[in-house]
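Novice: Got target33.cif for you, mmCIF, C-alpha atoms and all ligand atoms:
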data_upload
loop_
_atom_site.label_atom_id
_atom_site.label_comp_id
_atom_site.auth_asym_id
_atom_site.auth_seq_id
_atom_site.Cartn_x
_atom_site.Cartn_y
_atom_site.Cartn_z
CA MET A 1 -53.87 61.25 -84.92
CA ASN A 2 -53.19 63.97 -82.35
CA ILE A 3 -54.72 63.08 -79.01
CA LEU A 4 -55.44 65.16 -75.92
CA LEU A 5 -56.02 63.10 -72.78
CA ILE A 6 -57.69 64.84 -69.86
CA GLY A 7 -56.78 63.99 -66.27
CA GLY A 8 -53.71 63.36 -64.18
CA GLY A 9 -54.01 60.19 -62.11
CA GLY A 10 -52.99 56.55 -62.33
CA ARG A 11 -55.90 55.86 -64.67
CA GLU A 12 -54.64 58.50 -67.10
CA HIS A 13 -51.05 57.25 -66.86
CA ALA A 14 -52.32 53.79 -67.89
CA MET A 15 -54.48 55.28 -70.68
CA ALA A 16 -51.53 57.33 -72.00
CA TRP A 17 -49.24 54.28 -71.82
CA LYS A 18 -51.73 52.17 -73.79
CA MET A 19 -52.56 54.83 -76.40
CA ALA A 20 -48.88 55.61 -77.01
CA LYS A 21 -48.39 51.99 -78.14
CA SER A 22 -50.75 52.56 -81.09
CA HIS A 23 -49.29 53.47 -84.47
CA HIS A 24 -52.37 55.70 -84.91
CA CYS A 25 -51.11 57.93 -82.12
CA ASP A 26 -48.97 60.81 -83.39
CA ASN A 27 -48.75 63.52 -80.74
CA LEU A 28 -50.10 62.74 -77.30
CA TYR A 29 -50.82 65.54 -74.84
CA ILE A 30 -52.02 65.10 -71.29
CA ALA A 31 -53.78 67.89 -69.35
CA PRO A 32 -52.57 68.19 -66.68
CA GLY A 33 -50.86 64.75 -66.50
CA ASN A 34 -48.28 63.73 -63.90
CA PRO A 35 -44.57 62.75 -63.88
CA GLY A 36 -45.55 59.31 -65.21
CA THR A 37 -47.34 60.70 -68.28
CA ALA A 38 -44.49 63.20 -68.83
CA SER A 39 -42.29 60.29 -69.91
CA ILE A 40 -44.87 59.18 -72.51
CA GLY A 41 -46.29 62.37 -74.02
CA THR A 42 -46.34 66.10 -73.38
CA ASN A 43 -47.95 67.35 -70.20
CA VAL A 44 -49.98 70.53 -70.59
CA ALA A 45 -50.62 72.68 -67.52
CA ILE A 46 -54.38 73.12 -68.01
CA ASP A 47 -56.96 72.11 -65.43
CA SER A 48 -59.39 69.35 -66.50
CA ASN A 49 -62.36 71.69 -65.94
CA ASP A 50 -60.96 74.73 -67.78
CA PHE A 51 -62.86 74.08 -71.03
CA ALA A 52 -61.97 77.43 -72.66
CA SER A 53 -58.21 76.82 -72.31
CA LEU A 54 -58.60 73.20 -73.44
CA LYS A 55 -60.46 74.41 -76.53
CA GLN A 56 -57.73 76.90 -77.42
CA PHE A 57 -55.06 74.26 -76.92
CA ALA A 58 -56.99 71.76 -79.08
CA ILE A 59 -57.30 74.26 -81.93
CA ASP A 60 -53.67 75.40 -81.73
CA ASN A 61 -52.40 71.81 -81.75
CA THR A 62 -54.81 70.32 -84.34
CA ILE A 63 -56.18 67.78 -81.91
CA ASP A 64 -58.25 65.02 -83.55
CA MET A 65 -59.45 63.19 -80.47
CA ILE A 66 -60.03 64.17 -76.83
CA VAL A 67 -60.19 61.33 -74.32
CA VAL A 68 -61.69 62.31 -70.98
CA GLY A 69 -60.41 60.42 -67.92
CA PRO A 70 -62.31 61.74 -64.87
CA GLU A 71 -66.06 62.20 -64.34
CA GLU A 72 -66.14 65.84 -63.31
CA PRO A 73 -65.54 67.45 -66.74
CA LEU A 74 -68.04 65.00 -68.26
CA VAL A 75 -70.77 65.83 -65.76
CA LYS A 76 -69.96 69.52 -66.31
CA GLY A 77 -70.57 69.11 -70.05
CA ILE A 78 -67.19 68.93 -71.78
CA TYR A 79 -68.70 66.79 -74.57
CA ASP A 80 -71.42 69.34 -75.31
CA PHE A 81 -68.97 72.27 -75.06
CA PHE A 82 -66.85 70.87 -77.91
CA ALA A 83 -69.79 69.48 -79.93
CA LYS A 84 -71.70 72.77 -79.97
CA ASP A 85 -68.78 74.94 -81.09
CA GLU A 86 -68.21 75.09 -84.85
CA SER A 87 -64.46 75.41 -84.42
CA THR A 88 -64.22 72.17 -82.39
CA GLN A 89 -67.13 69.97 -83.47
CA HIS A 90 -64.87 67.93 -85.79
CA ILE A 91 -62.95 66.67 -82.73
CA ASN A 92 -63.91 63.20 -81.56
CA VAL A 93 -64.56 63.67 -77.84
CA ILE A 94 -64.62 60.33 -76.01
CA GLY A 95 -67.15 60.71 -73.21
CA PRO A 96 -70.94 61.03 -72.86
CA SER A 97 -72.97 64.22 -73.18
CA ALA A 98 -73.75 66.00 -69.90
CA GLU A 99 -77.27 64.56 -69.96
CA ALA A 100 -76.04 60.97 -70.33
CA ALA A 101 -73.30 61.58 -67.74
CA GLN A 102 -76.13 61.97 -65.22
CA LEU A 103 -75.99 58.18 -65.04
CA GLU A 104 -73.00 58.86 -62.79
CA GLY A 105 -73.74 62.47 -61.77
CA SER A 106 -77.12 61.72 -60.18
CA LYS A 107 -77.90 58.53 -58.27
CA ALA A 108 -81.65 59.27 -58.60
CA TYR A 109 -81.32 59.66 -62.39
CA SER A 110 -79.49 56.34 -62.68
CA LYS A 111 -82.06 54.60 -60.47
CA HIS A 112 -84.94 55.89 -62.65
CA PHE A 113 -83.07 54.73 -65.73
CA MET A 114 -82.50 51.23 -64.34
CA GLN A 115 -86.09 50.88 -63.19
CA LYS A 116 -87.45 52.06 -66.53
CA HIS A 117 -85.26 49.63 -68.48
CA HIS A 118 -85.76 46.66 -66.10
CA ILE A 119 -82.10 46.46 -65.11
CA PRO A 120 -81.58 44.62 -61.80
CA THR A 121 -80.63 46.97 -58.95
CA ALA A 122 -81.43 47.46 -55.24
CA GLY A 123 -84.92 48.76 -54.38
CA TYR A 124 -84.90 52.45 -53.40
CA ALA A 125 -86.70 55.69 -52.58
CA GLU A 126 -85.54 59.29 -52.89
CA PHE A 127 -85.93 62.20 -50.49
CA THR A 128 -85.30 65.94 -50.42
CA LEU A 129 -86.14 68.68 -47.92
CA ASP A 130 -89.69 68.66 -49.33
CA ASN A 131 -90.48 65.08 -48.30
CA TYR A 132 -87.93 64.86 -45.47
CA GLU A 133 -90.64 63.97 -42.90
CA ASP A 134 -91.70 60.94 -44.99
CA GLY A 135 -88.13 59.68 -44.88
CA ILE A 136 -88.16 59.16 -41.11
CA PRO A 137 -90.84 56.39 -40.96
CA TYR A 138 -89.40 55.00 -44.22
CA ILE A 139 -86.00 54.55 -42.54
CA LYS A 140 -87.51 53.18 -39.31
CA ALA A 141 -89.30 50.44 -41.29
CA HIS A 142 -86.30 49.65 -43.53
CA SER A 143 -84.35 46.39 -43.30
CA LEU A 144 -80.75 46.66 -42.04
CA PRO A 145 -78.17 47.69 -43.05
CA ILE A 146 -79.50 50.78 -44.83
CA VAL A 147 -77.61 52.40 -47.70
CA LEU A 148 -77.86 56.21 -47.96
CA LYS A 149 -76.43 57.94 -51.02
CA ALA A 150 -75.95 61.60 -51.76
CA ASP A 151 -77.55 62.12 -55.17
CA GLY A 152 -74.71 64.15 -56.69
CA LEU A 153 -70.96 63.74 -57.09
CA ALA A 154 -69.27 63.72 -53.68
CA ALA A 155 -65.69 62.72 -54.55
CA GLY A 156 -66.42 59.06 -53.77
CA LYS A 157 -67.55 59.86 -50.21
CA GLY A 158 -71.31 60.19 -50.62
CA VAL A 159 -72.34 56.63 -49.68
CA ILE A 160 -73.11 55.72 -46.08
CA ILE A 161 -73.95 52.21 -44.96
CA ALA A 162 -75.79 52.44 -41.65
CA GLU A 163 -75.92 49.35 -39.44
CA THR A 164 -78.70 50.69 -37.20
CA HIS A 165 -81.85 52.74 -37.73
CA ALA A 166 -80.51 55.37 -35.33
CA ASP A 167 -77.30 55.80 -37.37
CA ALA A 168 -79.30 55.98 -40.59
CA LEU A 169 -81.52 58.73 -39.13
CA VAL A 170 -78.46 60.74 -38.05
CA SER A 171 -76.89 60.43 -41.52
CA PHE A 172 -80.19 61.31 -43.18
CA GLU A 173 -80.44 64.51 -41.15
CA GLU A 174 -76.75 65.34 -41.73
CA MET A 175 -77.10 64.90 -45.47
CA ILE A 176 -80.36 66.75 -46.08
CA GLN A 177 -80.67 69.27 -43.24
CA ASN A 178 -76.99 70.02 -42.65
CA LYS A 179 -75.83 69.59 -46.26
CA GLN A 180 -73.03 67.21 -45.28
CA PHE A 181 -72.04 66.88 -48.94
CA GLY A 182 -73.19 70.33 -50.00
CA ASP A 183 -75.69 70.42 -52.87
CA ALA A 184 -74.78 66.81 -53.71
CA SER A 185 -76.83 65.68 -50.68
CA SER A 186 -79.84 67.97 -51.10
CA LYS A 187 -81.38 64.81 -52.56
CA VAL A 188 -80.71 61.43 -50.94
CA VAL A 189 -81.35 57.97 -52.32
CA ILE A 190 -82.06 55.30 -49.72
CA GLU A 191 -81.63 51.77 -50.94
CA GLU A 192 -81.51 48.14 -49.92
CA PHE A 193 -78.19 46.64 -48.99
CA LEU A 194 -76.97 44.09 -51.53
CA LYS A 195 -74.92 41.26 -50.08
CA GLY A 196 -72.33 39.73 -52.37
CA ILE A 197 -69.00 40.26 -54.13
CA GLU A 198 -68.37 43.43 -56.12
CA VAL A 199 -66.93 43.47 -59.61
CA SER A 200 -66.38 46.27 -62.12
CA VAL A 201 -67.19 45.63 -65.79
CA PHE A 202 -66.18 48.04 -68.55
CA ALA A 203 -67.70 48.64 -71.95
CA LEU A 204 -67.12 51.14 -74.72
CA THR A 205 -70.21 52.38 -76.56
CA ASP A 206 -71.16 54.67 -79.42
CA GLY A 207 -74.66 54.95 -77.97
CA LYS A 208 -76.05 52.03 -79.98
CA ASN A 209 -73.38 49.34 -80.14
CA TYR A 210 -70.89 48.30 -77.51
CA GLN A 211 -67.85 46.19 -76.83
CA ILE A 212 -66.90 44.79 -73.42
CA ILE A 213 -63.25 45.71 -72.87
CA GLY A 214 -62.52 44.05 -69.54
CA HIS A 215 -63.45 43.61 -65.92
CA ALA A 216 -61.68 43.73 -62.57
CA LYS A 217 -62.18 43.33 -58.86
CA ASP A 218 -61.20 46.40 -56.88
CA TYR A 219 -60.13 46.19 -53.20
CA LYS A 220 -61.59 49.34 -51.66
CA ARG A 221 -60.86 49.05 -47.95
CA ILE A 222 -57.58 50.32 -46.49
CA GLY A 223 -56.94 47.30 -44.26
CA VAL A 224 -55.94 43.69 -44.80
CA GLY A 225 -58.93 41.33 -45.12
CA ASP A 226 -61.20 44.15 -46.42
CA THR A 227 -61.28 46.02 -43.11
CA GLY A 228 -61.10 49.69 -42.15
CA LEU A 229 -62.05 52.80 -44.08
CA ASN A 230 -63.08 52.97 -47.73
CA THR A 231 -60.49 54.31 -50.16
CA GLY A 232 -60.45 55.11 -53.86
CA GLY A 233 -59.11 51.57 -54.41
CA MET A 234 -56.06 49.74 -53.06
CA GLY A 235 -55.49 47.24 -55.85
CA CYS A 236 -57.18 45.11 -58.48
CA VAL A 237 -57.08 41.75 -60.16
CA SER A 238 -58.23 40.78 -63.65
CA PRO A 239 -59.66 38.46 -64.82
CA VAL A 240 -61.79 37.56 -61.78
CA PRO A 241 -62.27 33.80 -61.21
CA PHE A 242 -66.08 33.92 -60.79
CA MET A 243 -66.54 35.91 -64.02
CA ASP A 244 -66.98 32.73 -66.01
CA GLU A 245 -68.91 32.41 -69.26
CA ALA A 246 -72.23 31.70 -67.58
CA PHE A 247 -72.03 34.72 -65.24
CA MET A 248 -70.75 37.03 -68.02
CA ALA A 249 -73.66 35.93 -70.19
CA LYS A 250 -76.08 37.06 -67.45
CA VAL A 251 -74.24 40.36 -67.05
CA GLU A 252 -74.45 41.01 -70.77
CA LYS A 253 -78.06 39.94 -71.25
CA GLN A 254 -79.56 41.44 -68.08
CA ILE A 255 -77.40 44.53 -67.66
CA ILE A 256 -75.12 45.66 -70.48
CA ALA A 257 -77.40 45.11 -73.47
CA PRO A 258 -80.48 46.70 -71.83
CA THR A 259 -78.38 49.66 -70.66
CA ILE A 260 -77.13 50.41 -74.17
CA GLN A 261 -80.63 49.86 -75.61
CA GLY A 262 -81.91 52.28 -72.95
CA LEU A 263 -79.41 54.94 -74.04
CA ALA A 264 -80.53 54.53 -77.67
CA GLN A 265 -84.24 54.57 -76.78
CA GLU A 266 -83.84 57.77 -74.84
CA ASN A 267 -81.72 59.37 -77.56
CA LEU A 268 -78.90 59.97 -75.11
CA ILE A 269 -75.64 60.91 -76.81
CA TYR A 270 -73.05 58.58 -75.35
CA LYS A 271 -69.77 57.87 -77.05
CA GLY A 272 -67.44 56.64 -74.37
CA PHE A 273 -66.74 54.24 -71.55
CA VAL A 274 -69.43 52.76 -69.33
CA PHE A 275 -68.32 51.43 -65.95
CA PHE A 276 -70.83 48.95 -64.49
CA GLY A 277 -70.28 48.67 -60.73
CA LEU A 278 -71.89 45.28 -60.06
CA MET A 279 -72.66 43.04 -57.12
CA ASN A 280 -72.65 39.29 -57.63
CA CYS A 281 -75.42 38.24 -55.24
CA GLY A 282 -75.29 34.45 -55.13
CA GLY A 283 -74.71 34.17 -58.87
CA GLU A 284 -77.11 36.95 -59.93
CA PRO A 285 -75.68 40.31 -61.06
CA TYR A 286 -77.12 43.62 -59.79
CA VAL A 287 -76.03 47.17 -60.64
CA ILE A 288 -74.72 49.16 -57.67
CA GLU A 289 -73.81 52.14 -59.79
CA TYR A 290 -72.92 53.39 -63.24
CA ASN A 291 -69.88 55.52 -63.89
CA CYS A 292 -69.32 57.27 -67.20
CA ARG A 293 -65.55 56.73 -67.24
CA LEU A 294 -62.96 54.07 -66.55
CA GLY A 295 -62.17 53.08 -62.96
CA ASP A 296 -59.05 53.81 -60.99
CA PRO A 297 -57.19 51.49 -60.30
CA GLU A 298 -59.23 49.12 -62.54
CA THR A 299 -57.78 50.80 -65.66
CA GLU A 300 -54.30 49.87 -64.48
CA VAL A 301 -55.16 46.18 -64.92
CA ILE A 302 -57.73 46.16 -67.72
CA LEU A 303 -55.63 48.15 -70.21
CA PRO A 304 -52.44 46.09 -69.72
CA ARG A 305 -54.62 42.98 -70.25
CA LEU A 306 -56.29 44.37 -73.38
CA GLN A 307 -54.43 43.38 -76.52
CA THR A 308 -56.65 45.35 -78.94
CA ASP A 309 -55.30 48.73 -80.08
CA LEU A 310 -57.01 51.33 -77.87
CA VAL A 311 -56.77 54.24 -80.32
CA SER A 312 -58.46 52.21 -83.12
CA LEU A 313 -61.08 51.09 -80.65
CA LEU A 314 -61.85 54.67 -79.61
CA ALA A 315 -61.89 55.85 -83.22
CA ALA A 316 -64.46 53.12 -83.98
CA THR A 317 -66.99 54.90 -81.74
CA ASP A 318 -66.99 57.75 -84.24
CA ASN A 319 -67.08 55.97 -87.58
CA GLY A 320 -69.75 53.33 -87.02
CA THR A 321 -67.37 50.37 -86.89
CA LEU A 322 -67.48 49.57 -83.17
CA GLU A 323 -69.48 46.41 -83.82
CA ASP A 324 -66.73 45.00 -86.06
CA VAL A 325 -63.82 45.46 -83.67
CA ASN A 326 -62.18 42.30 -82.36
CA ILE A 327 -61.50 42.42 -78.62
CA GLU A 328 -58.49 40.35 -77.63
CA TYR A 329 -56.79 39.87 -74.27
CA TYR A 330 -53.29 38.86 -73.28
CA GLU A 331 -52.86 35.47 -71.62
CA GLY A 332 -52.57 34.99 -67.89
CA SER A 333 -53.65 37.19 -64.99
CA PHE A 334 -53.03 40.81 -64.10
CA ALA A 335 -52.81 42.46 -60.72
CA THR A 336 -52.11 45.97 -59.53
CA VAL A 337 -51.09 46.92 -55.98
CA MET A 338 -51.46 50.54 -54.86
CA ALA A 339 -48.83 52.22 -52.67
CA VAL A 340 -50.38 54.96 -50.52
CA SER A 341 -49.18 57.71 -48.19
CA ALA A 342 -49.08 57.11 -44.42
CA GLY A 343 -52.42 58.18 -42.95
CA TYR A 344 -54.45 57.78 -46.16
CA PRO A 345 -57.50 57.88 -46.50
CA GLY A 346 -57.23 60.42 -43.65
CA ASN A 347 -54.64 63.21 -43.58
CA TYR A 348 -51.22 62.43 -45.00
CA PRO A 349 -47.93 64.23 -45.63
CA LYS A 350 -46.93 65.41 -49.12
CA ASN A 351 -43.75 66.19 -51.06
CA LEU A 352 -41.88 63.09 -49.88
CA LYS A 353 -39.09 61.88 -52.15
CA ILE A 354 -39.86 58.65 -54.07
CA THR A 355 -37.04 56.33 -55.15
CA GLY A 356 -36.87 53.11 -57.14
CA ILE A 357 -39.61 53.67 -59.73
CA GLU A 358 -37.22 53.03 -62.65
CA THR A 359 -35.74 49.93 -61.02
CA ALA A 360 -39.20 48.43 -60.48
CA ASN A 361 -40.33 49.43 -63.97
CA ALA A 362 -37.36 47.67 -65.56
CA LEU A 363 -38.43 44.27 -64.15
CA PRO A 364 -40.05 41.83 -66.60
CA GLN A 365 -43.86 41.97 -66.83
CA ILE A 366 -44.00 44.96 -64.48
CA GLN A 367 -45.38 48.41 -65.15
CA VAL A 368 -45.46 51.24 -62.61
CA PHE A 369 -48.29 53.74 -63.01
CA GLN A 370 -48.00 57.03 -61.16
CA ALA A 371 -51.07 58.57 -59.52
CA GLY A 372 -50.51 61.15 -56.74
CA THR A 373 -47.00 62.21 -57.72
CA GLY A 374 -45.43 65.48 -58.79
CA PHE A 375 -42.09 67.00 -59.64
CA ASP A 376 -39.91 68.85 -57.17
CA GLY A 377 -37.27 70.00 -59.65
CA GLU A 378 -36.07 66.77 -61.27
CA GLN A 379 -37.13 64.64 -58.31
CA VAL A 380 -40.47 62.75 -58.23
CA VAL A 381 -42.29 63.34 -54.92
CA THR A 382 -45.61 62.35 -53.35
CA LYS A 383 -48.55 64.68 -53.97
CA GLY A 384 -51.58 62.56 -53.10
CA GLY A 385 -52.93 59.75 -50.95
CA ARG A 386 -52.78 57.07 -53.62
CA VAL A 387 -49.23 57.61 -54.87
CA LEU A 388 -48.49 54.93 -57.45
CA THR A 389 -49.53 51.45 -58.44
CA VAL A 390 -47.50 48.49 -59.66
CA THR A 391 -49.13 46.29 -62.29
CA SER A 392 -47.87 42.85 -63.19
CA GLN A 393 -48.71 39.99 -65.50
CA GLY A 394 -48.47 36.46 -64.11
CA ASN A 395 -49.34 32.90 -65.01
CA ASP A 396 -52.22 33.06 -62.58
CA LEU A 397 -53.72 35.55 -60.17
CA GLN A 398 -51.49 34.74 -57.19
CA ASP A 399 -48.36 34.78 -59.35
CA ALA A 400 -49.33 38.24 -60.67
CA VAL A 401 -49.97 39.60 -57.15
CA GLN A 402 -46.69 38.18 -55.88
CA LYS A 403 -44.74 39.78 -58.75
CA ALA A 404 -46.30 43.18 -58.07
CA LYS A 405 -45.45 42.94 -54.35
CA THR A 406 -41.87 41.88 -55.11
CA ALA A 407 -41.47 44.79 -57.54
CA LEU A 408 -42.80 47.17 -54.86
CA THR A 409 -39.89 46.27 -52.56
CA ASN A 410 -37.72 48.42 -54.88
CA ILE A 411 -39.85 51.51 -54.34
CA HIS A 412 -39.53 53.72 -51.27
CA PHE A 413 -41.05 56.82 -49.76
CA GLU A 414 -41.42 57.58 -46.10
CA GLY A 415 -44.44 55.82 -44.58
CA MET A 416 -45.35 53.95 -47.79
CA TYR A 417 -48.15 51.42 -47.23
CA PHE A 418 -49.77 48.83 -49.47
CA ARG A 419 -52.17 45.96 -48.91
CA ASN A 420 -50.26 42.71 -49.05
CA ASP A 421 -53.42 40.61 -49.53
CA ILE A 422 -54.83 41.76 -52.88
CA GLY A 423 -56.68 38.75 -54.38
CA PHE A 424 -56.80 37.04 -50.96
CA GLU A 425 -60.16 35.33 -51.39
CA PHE A 426 -59.06 33.58 -54.57
CA LYS A 427 -56.24 31.56 -53.01
P1 LIG A 501 -70.39 54.19 -54.74
O1 LIG A 501 -69.90 55.51 -54.24
O2 LIG A 501 -71.74 54.21 -55.36
O3 LIG A 501 -69.32 53.49 -55.52
O4 LIG A 501 -70.56 53.26 -53.48
C1 LIG A 501 -69.47 53.01 -52.66
C2 LIG A 501 -69.51 51.60 -52.17
O5 LIG A 501 -70.62 51.40 -51.31
C3 LIG A 501 -69.69 50.57 -53.25
O6 LIG A 501 -68.51 50.26 -53.90
C4 LIG A 501 -70.22 49.41 -52.44
O7 LIG A 501 -69.15 48.76 -51.78
C5 LIG A 501 -71.07 50.08 -51.42
N1 LIG A 501 -72.48 50.07 -51.83
C6 LIG A 501 -73.13 51.01 -52.54
N2 LIG A 501 -74.42 50.67 -52.71
C7 LIG A 501 -74.59 49.48 -52.08
C8 LIG A 501 -75.70 48.61 -51.89
N3 LIG A 501 -76.93 48.90 -52.34
N4 LIG A 501 -75.50 47.48 -51.20
C9 LIG A 501 -74.27 47.17 -50.69
N5 LIG A 501 -73.21 47.95 -50.83
C10 LIG A 501 -73.34 49.09 -51.51
N1 LIG A 502 -62.16 52.19 -58.35
C1 LIG A 502 -63.45 52.72 -58.32
C2 LIG A 502 -63.68 53.92 -59.14
O1 LIG A 502 -62.88 54.28 -59.99
O2 LIG A 502 -64.71 54.56 -58.98
#
Here is a file; write its structure as structure tokens.
Specialist:
Amino acid sequence: MNILLIGGGGREHAMAWKMAKSHHCDNLYIAPGNPGTASIGTNVAIDSNDFASLKQFAIDNTIDMIVVGPEEPLVKGIYDFFAKDESTQHINVIGPSAEAAQLEGSKAYSKHFMQKHHIPTAGYAEFTLDNYEDGIPYIKAHSLPIVLKADGLAAGKGVIIAETHADALVSFEEMIQNKQFGDASSKVVIEEFLKGIEVSVFALTDGKNYQIIGHAKDYKRIGVGDTGLNTGGMGCVSPVPFMDEAFMAKVEKQIIAPTIQGLAQENLIYKGFVFFGLMNCGGEPYVIEYNCRLGDPETEVILPRLQTDLVSLLAATDNGTLEDVNIEYYEGSFATVMAVSAGYPGNYPKNLKITGIETANALPQIQVFQAGTGFDGEQVVTKGGRVLTVTSQGNDLQDAVQKAKTALTNIHFEGMYFRNDIGFEFK
């Protein structure tokens, strides 16, 4: 099978690494990829949102399957673009239709969906310029803290947790009146704050059936002890100790099964990954958000843990055999620790030389996944805030984290920072 993978971050490096292990994978192309994926397949210099060029490339290279990493092309309709065109409709595009991708692309859409299908989530209301005045007394009467969310995609920045009514009112005005997040915040969802521990659960669906393919806990704050600014994710562990059989059974019965049934009932075309962002509130699972893709850096632990062949699994979404697939995991625990640029998630320098990736990668049970890296001639340099992540397998969670941190001592770039306490609450 010839596969075109779309995206160029750590998630896509991990997806490419996993797919390349499959004997069903013939040629693997990554658009645009990064220096990490360049050592696995062929990088193609096409932007993830340039559908016309991707189509031409897919035809010229007899692509059988397109796997979409990031959310933006999905929300912009890449599935529909290929499905509607006679010359490309034979290609198995892994990702939901644009309509179904609204589960991630619009917070209000996903809230309606959850309410309609009785899926546990925080109570909410939605506001636009039209009912802006109603929002003010609503906020003043709301319990604290108050969660405000820009309805649309805002590059992971559209959620504000206000500790006071005054702060919430300022954010509300900023979002709706001053378009803080552009069109994404022309509608705002205001919801209850859920107190608990977050966990990300991943499923693959064909729109009717599903398989759970893993879960992980992501450490989102920049600072040790979950302090400081939010980031795209500083590290992950999998499996998570509290995700025992009893809790997983609740997640499946109350959340995953009704979500997939909801997709089927509403005739939404959805052949791809579903990312359930959950909160464990005293033993009861609630949905914080849906994403229509895999997580980053969650992918960098769930795919190394997954023993099942990923290419066969993806192909099963297209030939009606998803129900029959056997999901198997490797033994032990997995951890990934993200190395970031100095200053991230604020401003940071770029084009700094990175050394030691090969040395770290050669260590047993270690895999380095590159995220914000690029080539400067032959040399690999920093290009983003989250630069690379080191994944390890250990006998238990703490062993895995320790191995990843030890491997990271081989890797250097100026100002490199990583959290040294990933998995801290499970000691
Ligand atoms: P999102 O952009 O939807 O992933 O939200 C970013 C982060 O905000 C989440 O990962 C949570 O940590 C937090 N968050 C979002 N909604 C809530 C909520 N209702 N209660 C508590 N925390 C929340
Ligand atoms: N790690 C969170 C996300 O991918 O959205």
Novice: Give me, as a count of residues only, the set of residues whose atoms come within 10 Å of any atom of ligand LIG 501 (chain A), counting all atoms listed in the file.
Specialist: 50
Novice: Pick out the closest residue to ligand LIG 502 (chain A) from this set: A:Lys217, A:Lys350, A:Lys187, A:His112. Count all atoms listed in the file.
Specialist: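 Smallest distance to ligand LIG 502 (chain A) is found for A:Lys217.
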Novice: I'd like the contact shell of Gly41 (chain A) - 6 Å cut-off, all atoms listed in the file, skipping same-chain residues fewer than 3 positions apart - returned as a PDB file with C-alpha atoms, in the frame of the given file.
Specialist:
ATOM      1  CA  LEU A  28     -50.100  62.740 -77.300  1.00  0.00           C
ATOM      2  CA  TYR A  29     -50.820  65.540 -74.840  1.00  0.00           C
ATOM      3  CA  ALA A  38     -44.490  63.200 -68.830  1.00  0.00           C
TER       4      ALA A  38
END
Novice: I'd like to know which of A:Ala264, A:Ala125, A:Ala216, A:Ala101 is closest to ligand LIG 502 (chain A), using only C-alpha atoms and all ligand atoms.
Specialist: A:Ala216
Novice: Could you check how far CA of Pro73 (chain A) sits from CA of Asn351 (chain A), in Å to one decimal?
Specialist: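 Distance between the two atoms: 26.9 Å.
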